[in-house]
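Enquirer: Input structure: upload.cif, which contains mmCIF, C-alpha atoms.
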data_work
#
loop_
_atom_site.label_atom_id
_atom_site.label_comp_id
_atom_site.auth_asym_id
_atom_site.auth_seq_id
_atom_site.Cartn_x
_atom_site.Cartn_y
_atom_site.Cartn_z
CA MET W 1 -7.08 -3.43 -2.89
CA ARG W 2 -8.06 -4.47 0.54
CA TRP W 3 -7.16 -3.48 4.07
CA ILE W 4 -4.88 -6.21 5.28
CA ARG W 5 -4.58 -7.36 1.72
CA ALA W 6 -3.55 -3.92 0.76
CA ALA W 7 -1.79 -2.67 3.77
CA GLY W 8 -0.68 -6.23 3.81
CA ARG W 9 -0.83 -6.61 0.09
CA GLY W 10 -0.37 -3.35 -0.85
CA LEU W 11 -2.91 -0.97 0.67
CA LEU W 12 -6.17 -0.20 2.78
CA VAL W 13 -7.96 0.91 5.71
CA ALA W 14 -9.18 0.84 9.20
CA MET W 15 -11.54 3.50 10.43
CA ILE W 16 -12.79 4.69 13.71
CA VAL W 17 -16.48 5.19 14.17
CA LEU W 18 -18.37 6.62 17.13
CA THR W 19 -20.75 4.70 19.30
CA GLY W 20 -22.44 5.27 22.64
CA TYR W 21 -24.67 8.05 21.35
CA ALA W 22 -27.26 7.57 24.07
CA ALA W 23 -24.64 7.24 26.78
CA SER W 24 -22.86 10.42 25.67
CA GLY W 25 -26.08 12.39 25.37
CA THR W 26 -25.42 13.41 21.77
CA ALA W 27 -26.95 12.71 18.40
CA PRO W 28 -24.90 11.69 15.35
CA GLY W 29 -22.88 14.65 14.17
CA GLY W 30 -23.23 16.46 17.51
CA ARG W 31 -20.40 17.50 19.81
CA ALA W 32 -20.25 15.67 23.14
CA PRO W 33 -20.73 17.67 26.35
CA GLY W 34 -17.33 18.50 27.78
CA GLY W 35 -15.65 18.59 24.36
CA GLY W 36 -12.77 16.42 23.29
CA ARG W 37 -12.96 13.13 25.20
CA GLY W 38 -15.30 10.18 25.02
CA PRO W 39 -15.96 6.74 23.48
CA MET W 40 -15.08 5.82 19.91
CA THR W 41 -15.55 2.93 17.53
CA LEU W 42 -12.92 1.56 15.18
CA ALA W 43 -14.26 0.33 11.85
CA THR W 44 -11.95 -1.62 9.57
CA ALA W 45 -12.26 -2.94 6.04
CA GLY W 46 -11.50 -6.49 7.10
CA ASP W 47 -9.03 -7.30 9.89
CA LEU W 48 -8.16 -10.72 8.49
CA THR W 49 -5.74 -11.72 11.24
CA GLY W 50 -7.88 -10.49 14.14
CA TYR W 51 -4.98 -8.68 15.80
CA LEU W 52 -6.63 -5.25 15.93
CA GLY W 53 -9.29 -6.24 18.43
CA ARG W 54 -6.61 -7.47 20.81
CA VAL W 55 -4.68 -4.22 20.40
CA LEU W 56 -7.80 -2.20 21.19
CA ASP W 57 -8.42 -4.29 24.31
CA GLY W 58 -5.25 -2.74 25.74
CA TRP W 59 -6.52 0.77 25.02
CA ASN W 60 -9.94 0.00 26.51
CA ARG W 61 -8.50 -1.34 29.76
CA ALA W 62 -6.47 1.85 30.21
CA HIS W 63 -9.23 4.22 29.03
CA PRO W 64 -12.60 2.86 30.24
CA SER W 65 -14.38 6.18 29.56
CA GLU W 66 -12.91 6.40 26.03
CA ARG W 67 -13.62 2.89 24.85
CA VAL W 68 -13.13 1.90 21.23
CA THR W 69 -15.44 -0.62 19.57
CA LEU W 70 -14.26 -2.39 16.42
CA VAL W 71 -16.58 -2.34 13.38
CA GLU W 72 -15.53 -4.00 10.12
CA LEU W 73 -16.55 -2.53 6.75
CA PRO W 74 -16.37 -4.29 3.35
CA ASP W 75 -13.08 -5.82 2.16
CA SER W 76 -13.17 -3.80 -1.05
CA ALA W 77 -11.15 -0.60 -0.94
CA ASP W 78 -13.63 1.09 -3.28
CA GLU W 79 -16.58 0.19 -1.07
CA THR W 80 -14.77 1.24 2.09
CA ARG W 81 -13.74 4.56 0.57
CA SER W 82 -17.31 5.11 -0.65
CA GLN W 83 -18.74 4.64 2.83
CA MET W 84 -16.13 6.95 4.34
CA VAL W 85 -16.65 9.68 1.75
CA THR W 86 -20.44 9.50 2.08
CA ASP W 87 -20.18 10.04 5.82
CA LEU W 88 -17.58 12.80 5.57
CA ARG W 89 -19.48 14.71 2.88
CA SER W 90 -22.74 14.52 4.81
CA GLY W 91 -21.19 15.66 8.09
CA ALA W 92 -23.03 12.84 9.85
CA GLY W 93 -20.03 12.40 12.11
CA ARG W 94 -20.10 8.62 12.53
CA PHE W 95 -16.32 8.41 12.05
CA ASP W 96 -13.84 9.88 14.50
CA VAL W 97 -10.61 8.52 13.11
CA LEU W 98 -10.00 7.27 9.59
CA ASN W 99 -7.19 4.86 8.86
CA ILE W 100 -7.06 5.73 5.18
CA ASP W 101 -5.10 4.27 2.31
CA VAL W 102 -1.94 6.33 1.94
CA ALA W 103 -3.03 7.45 -1.52
CA TRP W 104 -6.16 9.12 -0.13
CA THR W 105 -4.48 11.56 2.27
CA SER W 106 -4.17 14.39 -0.26
CA GLU W 107 -7.74 13.98 -1.48
CA PHE W 108 -9.24 13.92 2.02
CA ALA W 109 -7.10 16.86 3.17
CA ALA W 110 -7.88 19.00 0.11
CA ALA W 111 -11.60 18.33 0.59
CA GLY W 112 -11.44 19.49 4.21
CA TRP W 113 -12.59 16.12 5.52
CA ILE W 114 -9.68 15.52 7.90
CA ALA W 115 -8.08 17.88 10.40
CA PRO W 116 -4.42 18.94 10.40
CA LEU W 117 -2.30 17.51 13.20
CA ASP W 118 0.49 18.89 15.37
CA ARG W 119 3.76 17.29 14.24
CA ALA W 120 5.27 17.66 17.71
CA ARG W 121 2.64 15.35 19.19
CA PHE W 122 3.87 12.29 17.29
CA PRO W 123 7.33 10.62 17.15
CA LEU W 124 7.76 11.13 13.41
CA ARG W 125 11.57 10.98 13.63
CA THR W 126 11.34 7.34 14.72
CA PHE W 127 9.45 6.40 11.53
CA LEU W 128 10.95 5.32 8.24
CA PRO W 129 11.50 8.69 6.50
CA PRO W 130 9.58 8.03 3.24
CA VAL W 131 6.37 7.07 5.03
CA VAL W 132 5.97 10.50 6.63
CA GLY W 133 5.56 12.07 3.20
CA THR W 134 2.43 10.01 2.57
CA ALA W 135 0.74 11.73 5.53
CA THR W 136 1.27 15.34 4.42
CA TYR W 137 -0.51 17.71 2.08
CA GLY W 138 0.60 21.26 1.36
CA ASP W 139 3.47 20.91 3.86
CA ARG W 140 1.04 20.18 6.70
CA LEU W 141 0.60 16.91 8.58
CA TYR W 142 -2.91 15.55 8.08
CA ALA W 143 -2.40 11.97 9.23
CA VAL W 144 0.02 9.72 11.09
CA PRO W 145 1.56 6.73 9.29
CA TYR W 146 0.30 3.48 10.81
CA VAL W 147 1.14 0.63 8.43
CA THR W 148 3.51 0.81 5.49
CA ASN W 149 4.31 -1.45 2.58
CA ALA W 150 6.60 -1.80 -0.40
CA GLY W 151 6.70 -4.16 -3.34
CA MET W 152 9.42 -6.81 -3.49
CA LEU W 153 10.64 -9.24 -6.12
CA TYR W 154 10.04 -12.86 -5.15
CA TYR W 155 12.26 -15.32 -7.00
CA ARG W 156 12.87 -19.06 -7.18
CA LYS W 157 16.26 -19.33 -5.50
CA ASP W 158 16.45 -23.08 -6.24
CA ILE W 159 16.13 -22.44 -10.00
CA LEU W 160 18.64 -19.58 -10.00
CA ALA W 161 21.10 -21.66 -7.96
CA ARG W 162 20.86 -24.59 -10.40
CA ALA W 163 21.54 -22.16 -13.26
CA GLY W 164 24.43 -20.49 -11.41
CA GLU W 165 22.59 -17.15 -11.42
CA ARG W 166 21.96 -14.47 -8.80
CA PRO W 167 18.62 -12.67 -8.32
CA PRO W 168 18.30 -9.80 -10.80
CA ARG W 169 19.18 -6.23 -9.81
CA THR W 170 18.35 -4.68 -13.19
CA TRP W 171 15.56 -5.00 -15.72
CA ALA W 172 17.97 -6.42 -18.26
CA GLU W 173 18.89 -9.26 -15.89
CA LEU W 174 15.25 -9.89 -14.99
CA GLU W 175 14.22 -9.94 -18.64
CA ARG W 176 17.01 -12.29 -19.66
CA GLN W 177 16.35 -14.75 -16.86
CA ALA W 178 12.57 -14.62 -17.31
CA ARG W 179 12.92 -15.12 -21.05
CA THR W 180 15.56 -17.90 -21.02
CA LEU W 181 15.58 -19.68 -17.66
CA ALA W 182 11.85 -19.86 -17.00
CA PRO W 183 10.96 -21.91 -20.12
CA ARG W 184 13.89 -24.22 -19.46
CA TYR W 185 12.25 -25.24 -16.17
CA GLY W 186 8.66 -25.17 -17.41
CA LEU W 187 7.79 -21.87 -15.72
CA ASP W 188 6.34 -18.54 -16.74
CA GLY W 189 8.78 -15.67 -16.36
CA TYR W 190 7.39 -12.71 -14.45
CA ALA W 191 4.08 -11.40 -13.12
CA GLY W 192 2.72 -8.57 -11.03
CA GLN W 193 -0.76 -7.17 -10.49
CA PHE W 194 -1.92 -6.27 -13.97
CA LEU W 195 -5.71 -6.41 -13.79
CA PRO W 196 -7.06 -2.85 -14.26
CA TYR W 197 -7.55 -1.86 -10.61
CA GLU W 198 -5.39 -0.07 -8.03
CA GLY W 199 -2.76 -2.79 -8.28
CA LEU W 200 -2.11 -1.89 -11.91
CA THR W 201 -1.70 1.77 -10.93
CA VAL W 202 0.97 0.66 -8.44
CA ASN W 203 2.79 -1.57 -10.93
CA ALA W 204 2.75 1.09 -13.65
CA ALA W 205 3.96 3.78 -11.24
CA GLU W 206 6.78 1.53 -10.07
CA ALA W 207 7.87 1.00 -13.66
CA VAL W 208 7.90 4.75 -14.32
CA TYR W 209 9.68 5.53 -11.04
CA SER W 210 12.23 2.75 -11.53
CA ALA W 211 13.15 4.24 -14.90
CA GLY W 212 13.76 7.61 -13.23
CA GLY W 213 10.46 9.22 -14.15
CA SER W 214 7.46 10.64 -12.33
CA ILE W 215 3.75 11.10 -12.98
CA LEU W 216 2.64 14.25 -11.13
CA GLY W 217 4.32 17.06 -9.23
CA ASP W 218 3.29 19.94 -6.98
CA GLU W 219 0.50 18.03 -5.21
CA GLY W 220 -1.07 17.06 -8.54
CA GLU W 221 -1.00 20.50 -10.15
CA ARG W 222 1.84 19.70 -12.57
CA VAL W 223 1.85 16.77 -15.01
CA THR W 224 5.33 15.24 -15.41
CA VAL W 225 4.61 11.90 -17.02
CA ASP W 226 5.39 12.83 -20.64
CA SER W 227 9.07 11.86 -20.50
CA ALA W 228 11.55 9.39 -21.94
CA ALA W 229 11.74 7.71 -18.54
CA ALA W 230 7.99 7.10 -18.44
CA ARG W 231 8.06 5.69 -21.97
CA THR W 232 10.90 3.38 -20.92
CA GLY W 233 9.04 2.19 -17.83
CA ILE W 234 5.71 1.55 -19.56
CA GLY W 235 7.60 0.01 -22.47
CA PHE W 236 9.28 -2.49 -20.15
CA LEU W 237 5.89 -3.89 -19.15
CA ALA W 238 4.55 -3.86 -22.71
CA ARG W 239 7.65 -5.65 -24.01
CA GLY W 240 7.25 -8.37 -21.40
CA VAL W 241 3.79 -9.25 -22.68
CA ARG W 242 4.79 -8.89 -26.34
CA ASP W 243 7.83 -11.16 -25.96
CA GLY W 244 6.08 -13.67 -23.73
CA TRP W 245 8.10 -13.49 -20.51
CA ILE W 246 5.05 -11.86 -18.90
CA PRO W 247 2.25 -14.38 -19.52
CA ARG W 248 -0.97 -12.94 -20.94
CA GLU W 249 -2.79 -14.65 -18.08
CA ALA W 250 -1.11 -12.12 -15.77
CA LEU W 251 -3.19 -9.32 -17.32
CA GLY W 252 -6.00 -10.64 -15.09
CA TYR W 253 -3.93 -10.96 -11.90
CA THR W 254 -4.60 -9.16 -8.62
CA GLU W 255 -2.42 -9.74 -5.56
CA GLU W 256 -4.08 -13.05 -4.81
CA GLU W 257 -4.03 -14.57 -8.30
CA SER W 258 -0.37 -13.64 -8.70
CA ARG W 259 0.49 -14.99 -5.24
CA ARG W 260 -1.16 -18.31 -6.02
CA ALA W 261 0.65 -18.58 -9.35
CA PHE W 262 4.00 -18.18 -7.60
CA GLN W 263 3.05 -20.34 -4.62
CA GLU W 264 1.92 -23.16 -6.89
CA GLY W 265 5.31 -23.15 -8.61
CA ARG W 266 4.23 -21.60 -11.93
CA LEU W 267 6.39 -18.45 -11.90
CA LEU W 268 10.09 -17.72 -11.77
CA PHE W 269 9.59 -14.12 -10.60
CA LEU W 270 6.75 -12.26 -8.89
CA ARG W 271 6.27 -8.66 -7.83
CA ASN W 272 4.08 -8.61 -4.70
CA TRP W 273 3.76 -7.19 -1.20
CA PRO W 274 5.43 -8.72 1.90
CA TYR W 275 2.26 -10.55 2.93
CA ALA W 276 2.94 -13.10 0.16
CA TYR W 277 6.03 -14.35 2.02
CA ALA W 278 3.97 -16.16 4.67
CA GLY W 279 1.79 -17.99 2.16
CA ALA W 280 4.74 -19.03 0.03
CA SER W 281 6.41 -20.42 3.15
CA GLY W 282 3.38 -22.46 4.24
CA GLU W 283 3.11 -26.22 4.40
CA ASP W 284 0.85 -26.34 1.36
CA SER W 285 3.18 -24.22 -0.77
CA ALA W 286 5.04 -25.82 -3.67
CA VAL W 287 7.87 -23.31 -3.23
CA ALA W 288 8.35 -23.43 0.55
CA GLY W 289 12.07 -23.17 1.26
CA LYS W 290 12.79 -22.62 -2.44
CA PHE W 291 12.32 -18.87 -2.83
CA GLY W 292 13.75 -15.55 -1.71
CA ALA W 293 12.81 -11.87 -1.83
CA VAL W 294 14.86 -8.85 -2.91
CA PRO W 295 14.12 -5.21 -3.78
CA LEU W 296 12.56 -4.57 -7.17
CA PRO W 297 15.05 -4.15 -10.03
CA GLY W 298 15.34 -1.00 -12.13
CA THR W 299 17.10 0.21 -15.24
CA THR W 300 20.67 0.26 -13.89
CA GLY W 301 20.26 -1.14 -10.37
CA PRO W 302 17.59 -1.51 -7.68
CA GLY W 303 14.33 0.11 -8.68
CA THR W 304 11.75 2.15 -6.80
CA SER W 305 8.74 0.63 -5.11
CA VAL W 306 5.48 2.43 -4.53
CA LEU W 307 4.62 2.91 -0.86
CA GLY W 308 1.53 1.08 0.29
CA GLY W 309 -0.09 1.02 3.69
CA SER W 310 -2.47 3.22 5.62
CA ASN W 311 -2.47 6.44 7.61
CA LEU W 312 -4.52 7.41 10.65
CA ALA W 313 -6.40 10.71 10.35
CA VAL W 314 -8.90 12.57 12.54
CA SER W 315 -12.20 13.49 10.93
CA ARG W 316 -13.25 17.13 10.85
CA HIS W 317 -16.49 15.87 12.42
CA ALA W 318 -14.81 13.91 15.23
CA ARG W 319 -16.92 14.33 18.31
CA HIS W 320 -14.04 13.52 20.66
CA PRO W 321 -10.92 14.89 18.91
CA GLU W 322 -8.61 14.75 21.94
CA SER W 323 -9.37 11.07 22.49
CA ALA W 324 -8.93 10.49 18.76
CA ARG W 325 -5.48 12.09 18.70
CA ASP W 326 -4.44 10.10 21.75
CA LEU W 327 -5.59 6.94 20.03
CA LEU W 328 -3.39 7.80 17.03
CA ALA W 329 -0.41 8.11 19.38
CA TYR W 330 -1.25 4.76 21.00
CA LEU W 331 -1.58 2.90 17.70
CA THR W 332 1.76 4.25 16.48
CA SER W 333 3.62 3.60 19.75
CA GLU W 334 6.53 1.13 19.69
CA PRO W 335 4.73 -1.69 21.57
CA VAL W 336 1.69 -1.55 19.29
CA GLN W 337 3.81 -1.23 16.15
CA ARG W 338 5.65 -4.38 17.23
CA ARG W 339 2.29 -6.15 17.44
CA VAL W 340 1.28 -4.80 14.02
CA LEU W 341 4.12 -6.94 12.66
CA SER W 342 4.19 -9.90 15.05
CA GLU W 343 0.41 -10.42 15.27
CA GLY W 344 -0.94 -8.64 12.21
CA ALA W 345 1.87 -9.63 9.81
CA LEU W 346 1.85 -6.04 8.52
CA PRO W 347 4.93 -3.86 7.94
CA PRO W 348 5.24 -1.31 10.77
CA VAL W 349 6.31 2.32 10.35
CA ARG W 350 8.84 2.32 13.22
CA ALA W 351 12.32 2.11 11.68
CA ALA W 352 14.07 0.33 14.58
CA LEU W 353 11.82 -2.74 14.30
CA TYR W 354 13.38 -3.64 10.94
CA GLU W 355 16.73 -4.22 12.66
CA ASP W 356 15.43 -6.10 15.70
CA PRO W 357 17.27 -9.49 15.69
CA ALA W 358 14.30 -11.46 17.04
CA LEU W 359 11.94 -10.02 14.47
CA VAL W 360 14.41 -10.56 11.62
CA ARG W 361 14.72 -14.23 12.60
CA ARG W 362 10.94 -14.57 12.49
CA PHE W 363 10.46 -12.42 9.36
CA PRO W 364 13.57 -13.00 7.20
CA TYR W 365 12.38 -10.57 4.52
CA LEU W 366 12.68 -7.53 6.83
CA PRO W 367 16.17 -6.40 5.65
CA ALA W 368 15.09 -6.51 1.99
CA LEU W 369 11.82 -4.79 2.84
CA ARG W 370 13.64 -2.07 4.76
CA GLU W 371 15.87 -1.45 1.74
CA SER W 372 12.79 -1.22 -0.48
CA LEU W 373 10.99 1.12 1.90
CA LEU W 374 13.90 3.53 2.26
CA THR W 375 13.96 4.11 -1.50
CA ALA W 376 10.18 3.88 -2.06
CA ALA W 377 7.99 6.72 -3.31
CA PRO W 378 4.30 7.52 -2.79
CA ARG W 379 1.72 7.17 -5.52
CA PRO W 380 0.99 10.44 -7.37
CA LYS W 381 -0.38 12.98 -4.91
CA SER W 382 -3.57 14.64 -6.09
CA PRO W 383 -6.84 15.97 -4.66
CA HIS W 384 -8.41 13.91 -7.47
CA TYR W 385 -6.48 10.73 -6.82
CA GLU W 386 -9.33 8.38 -7.76
CA GLN W 387 -9.52 9.89 -11.28
CA VAL W 388 -5.72 9.88 -11.58
CA SER W 389 -5.58 6.19 -10.69
CA LEU W 390 -8.31 5.28 -13.18
CA ALA W 391 -6.46 7.12 -15.95
CA VAL W 392 -3.18 5.33 -15.16
CA GLN W 393 -4.93 1.96 -15.10
CA ALA W 394 -6.66 2.48 -18.44
CA VAL W 395 -3.49 3.56 -20.22
CA ALA W 396 -1.36 0.82 -18.69
CA GLN W 397 -3.96 -1.80 -19.61
CA ASP W 398 -4.06 -0.67 -23.23
CA VAL W 399 -0.30 -0.58 -23.67
CA MET W 400 0.23 -3.99 -22.04
CA ALA W 401 -2.53 -5.46 -24.21
CA GLN W 402 -0.60 -4.11 -27.24
CA HIS W 403 -3.45 -1.77 -28.19
CA GLN W 404 -1.25 1.31 -28.04
CA THR W 405 2.46 2.05 -28.25
CA PRO W 406 4.25 3.23 -25.09
CA ALA W 407 4.91 6.63 -26.67
CA ALA W 408 1.27 7.13 -27.64
CA ALA W 409 0.09 5.84 -24.26
CA VAL W 410 2.28 8.27 -22.33
CA ARG W 411 1.09 11.21 -24.46
CA ARG W 412 -2.50 10.17 -23.89
CA LEU W 413 -1.95 9.83 -20.14
CA ALA W 414 -0.35 13.27 -19.98
CA GLY W 415 -3.40 14.79 -21.66
CA GLU W 416 -5.86 13.02 -19.38
CA LEU W 417 -3.93 13.98 -16.25
CA ALA W 418 -3.78 17.61 -17.39
CA ALA W 419 -7.56 17.62 -17.73
CA ILE W 420 -7.91 16.13 -14.25
CA ALA W 421 -5.52 18.71 -12.77
CA ARG W 422 -7.69 21.55 -14.12
CA ARG W 423 -10.72 20.35 -12.17
CA ARG W 424 -11.67 22.15 -8.97
#
Please express the file's structure as structure tokens.

Expert:
Amino acid sequence: MRWIRAAGRGLLVAMIVLTGYAASGTAPGGRAPGGGRGPMTLATAGDLTGYLGRVLDGWNRAHPSERVTLVELPDSADETRSQMVTDLRSGAGRFDVLNIDVAWTSEFAAAGWIAPLDRARFPLRTFLPPVVGTATYGDRLYAVPYVTNAGMLYYRKDILARAGERPPRTWAELERQARTLAPRYGLDGYAGQFLPYEGLTVNAAEAVYSAGGSILGDEGERVTVDSAAARTGIGFLARGVRDGWIPREALGYTEEESRRAFQEGRLLFLRNWPYAYAGASGEDSAVAGKFGAVPLPGTTGPGTSVLGGSNLAVSRHARHPESARDLLAYLTSEPVQRRVLSEGALPPVRAALYEDPALVRRFPYLPALRESLLTAAPRPKSPHYEQVSLAVQAVAQDVMAQHQTPAAAVRRLAGELAAIARRR
């Protein structure tokens, strides 16, 4: 997943990197004379809308001796994470602040790469409650939520209206409409992000959560996935492919392929992040004015989305930690969070913005997104999150491809996660 595609489409990253080595009189990894204040550089894995540079201009005007320079890293989440981890492990100290994918907080905290933060320094009570949990590890705050995200169900409201149907609130309704209505209008039924990558981890976790199950507990030390609920959730996805209301083509979809399929008028239903709303509303969209968005369905009512987005953290090797913490406060302030939405088209973490009349008029999906966010859950927390995600992807891929039964897949996943949990 990618930064604005992932925080926007479900998940990644902006980072802050230090510059001005000669001016500060320090070498990489050294501590600046005078301690905690000095210049910084913000590196991001692809600021596709260009809003972040404008936001940093405001900081730089107010803090000329603590200037931030924007540096963009690769779009790929894996490549961005790799560059961050390499720097953090080496202690080179190029990065002051890391705007990490929410799923990485536990891993980075457990490894000692990011410093704990003082809760009282940040207005956490003004944030949407679920997002704060993505920034903690072992009951300590290690990051500050910056951008959030939740999956939503996009649907063809013109098709449902012609059929006298309402958007589905349960899996049974979704399955029935995808199986019967979609073919009647020459459409495929339902798609999400089913290529084996982080998007499949998200979709599989949402299915398990929406059935009332879980994957890990106790910060990754306890495996909880071997349950009837998990078998039900994974089975829902497998049944969709088996019965044809999830097209086999969707097994190769990321956020973008699935967005295009819906935007081109080939799908009745799509699970995707809020960023897809703008594209589907564009002049070149075949479904502009013909679609809506609601929270994901579940077994007996609205389901549970996985939280996406990114968190701001201060590196253990930050050469100007006081400036870094002040920058975190600036980027999560109400004026900047408003710009995160209005200029960056990214879901902010400040709760009040979701009920702002002017913003709701401009972004009609905000009420549905707020509902999704308030009931959303983080991806499985683990110091070994990368391995956990790969295991979930592999099992979900096999069961959706009909290579393994849901029951066998869940047992296999439980065994693999137990092995991961034993690693130190």

Enquirer: I'd like to know which of W:Leu187, W:Ile246, W:Ala345, W:Ala211 is closest to Thr300 (chain W), using all atoms listed in the file.

Expert: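 Closest to Thr300 (chain W), using all atoms listed in the file: W:Ala211.
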
Enquirer: Please write out, as JSON, where the centre of an axis-aligned box around all listed atoms of region 221-225 of chain W lies and how long its edges are, in Å to one decimal, after adding 8 Å on each side.

Expert:
{"center_x": 2.2, "center_y": 16.2, "center_z": -13.6, "size_x": 22.3, "size_y": 24.6, "size_z": 22.9}

Enquirer: Between W:Ile114, W:Ala261, W:Ala77, W:Ala414, which one has atoms that come closest to Gln193 (chain W), using all atoms listed in the file?

Expert: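 Among the listed residues, the smallest separation from Gln193 (chain W) belongs to W:Ala261.
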
Enquirer: Please write as a PDB file with C-alpha atoms, keeping the file's coordinate frame the full residue list that the PyMOL selection byres ((chain W and resi 150) around 7) yields on this file.

Expert:
ATOM      1  CA  ASN W 149       4.310  -1.450   2.580  1.00  0.00           C
ATOM      2  CA  GLY W 151       6.700  -4.160  -3.340  1.00  0.00           C
ATOM      3  CA  MET W 152       9.420  -6.810  -3.490  1.00  0.00           C
ATOM      4  CA  TRP W 273       3.760  -7.190  -1.200  1.00  0.00           C
ATOM      5  CA  SER W 305       8.740   0.630  -5.110  1.00  0.00           C
ATOM      6  CA  VAL W 306       5.480   2.430  -4.530  1.00  0.00           C
ATOM      7  CA  LEU W 307       4.620   2.910  -0.860  1.00  0.00           C
ATOM      8  CA  GLY W 308       1.530   1.080   0.290  1.00  0.00           C
ATOM      9  CA  LEU W 369      11.820  -4.790   2.840  1.00  0.00           C
ATOM     10  CA  SER W 372      12.790  -1.220  -0.480  1.00  0.00           C
ATOM     11  CA  LEU W 373      10.990   1.120   1.900  1.00  0.00           C
ATOM     12  CA  ALA W 376      10.180   3.880  -2.060  1.00  0.00           C
TER      13      ALA W 376
END

Enquirer: Could you write out as a PyMOL selection string the residues that the PyMOL selection byres ((chain W and resi 370) around 12) matches in the shown file?

Expert: chain W and resi 127-131+148-152+274+293-295+305+307+347-356+360+363-369+371-376

Enquirer: Please produce an output containing C-alpha atoms for each residue in the selection, written as an mmCIF file, in the coordinates of the input.

Expert:
data_model
loop_
_atom_site.group_PDB
_atom_site.id
_atom_site.type_symbol
_atom_site.label_atom_id
_atom_site.label_comp_id
_atom_site.auth_asym_id
_atom_site.auth_seq_id
_atom_site.Cartn_x
_atom_site.Cartn_y
_atom_site.Cartn_z
ATOM 1 C CA PHE W 127 9.450 6.400 11.530
ATOM 2 C CA LEU W 128 10.950 5.320 8.240
ATOM 3 C CA PRO W 129 11.500 8.690 6.500
ATOM 4 C CA PRO W 130 9.580 8.030 3.240
ATOM 5 C CA VAL W 131 6.370 7.070 5.030
ATOM 6 C CA THR W 148 3.510 0.810 5.490
ATOM 7 C CA ASN W 149 4.310 -1.450 2.580
ATOM 8 C CA ALA W 150 6.600 -1.800 -0.400
ATOM 9 C CA GLY W 151 6.700 -4.160 -3.340
ATOM 10 C CA MET W 152 9.420 -6.810 -3.490
ATOM 11 C CA PRO W 274 5.430 -8.720 1.900
ATOM 12 C CA ALA W 293 12.810 -11.870 -1.830
ATOM 13 C CA VAL W 294 14.860 -8.850 -2.910
ATOM 14 C CA PRO W 295 14.120 -5.210 -3.780
ATOM 15 C CA SER W 305 8.740 0.630 -5.110
ATOM 16 C CA LEU W 307 4.620 2.910 -0.860
ATOM 17 C CA PRO W 347 4.930 -3.860 7.940
ATOM 18 C CA PRO W 348 5.240 -1.310 10.770
ATOM 19 C CA VAL W 349 6.310 2.320 10.350
ATOM 20 C CA ARG W 350 8.840 2.320 13.220
ATOM 21 C CA ALA W 351 12.320 2.110 11.680
ATOM 22 C CA ALA W 352 14.070 0.330 14.580
ATOM 23 C CA LEU W 353 11.820 -2.740 14.300
ATOM 24 C CA TYR W 354 13.380 -3.640 10.940
ATOM 25 C CA GLU W 355 16.730 -4.220 12.660
ATOM 26 C CA ASP W 356 15.430 -6.100 15.700
ATOM 27 C CA VAL W 360 14.410 -10.560 11.620
ATOM 28 C CA PHE W 363 10.460 -12.420 9.360
ATOM 29 C CA PRO W 364 13.570 -13.000 7.200
ATOM 30 C CA TYR W 365 12.380 -10.570 4.520
ATOM 31 C CA LEU W 366 12.680 -7.530 6.830
ATOM 32 C CA PRO W 367 16.170 -6.400 5.650
ATOM 33 C CA ALA W 368 15.090 -6.510 1.990
ATOM 34 C CA LEU W 369 11.820 -4.790 2.840
ATOM 35 C CA GLU W 371 15.870 -1.450 1.740
ATOM 36 C CA SER W 372 12.790 -1.220 -0.480
ATOM 37 C CA LEU W 373 10.990 1.120 1.900
ATOM 38 C CA LEU W 374 13.900 3.530 2.260
ATOM 39 C CA THR W 375 13.960 4.110 -1.500
ATOM 40 C CA ALA W 376 10.180 3.880 -2.060
#

Enquirer: Any chance you could resolve the PyMOL selection byres ((chain W and resi 324) around 10) against this file and give the residues as a list in words?

Expert: Ile16, Gly36, Arg37, Gly38, Pro39, Met40, Glu66, Val68, Asp96, Val97, Leu98, Leu312, Ala313, Val314, Ser315, Ala318, Arg319, His320, Pro321, Glu322, Ser323, Arg325, Asp326, Leu327, Leu328, Ala329 and Tyr330 of chain W

Enquirer: Excluding Gly50 (chain W) and its own-chain neighbours fewer than 4 positions away, which residues fall within 10 Å of it when counting all atoms listed in the file? Please give them as a count of residues only.

Expert: 5

Enquirer: What does the distance from CA of Ser285 (chain W) to CA of Arg156 (chain W) come to in Å, to one decimal?

Expert: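 If I compute the distance from CA of Ser285 (chain W) to CA of Arg156 (chain W), I get 12.7 Å.
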
Enquirer: When you draw a straight line from CA of Arg361 (chain W) to CA of Val336 (chain W), how long is it in Å?

Expert: 19.4 Å
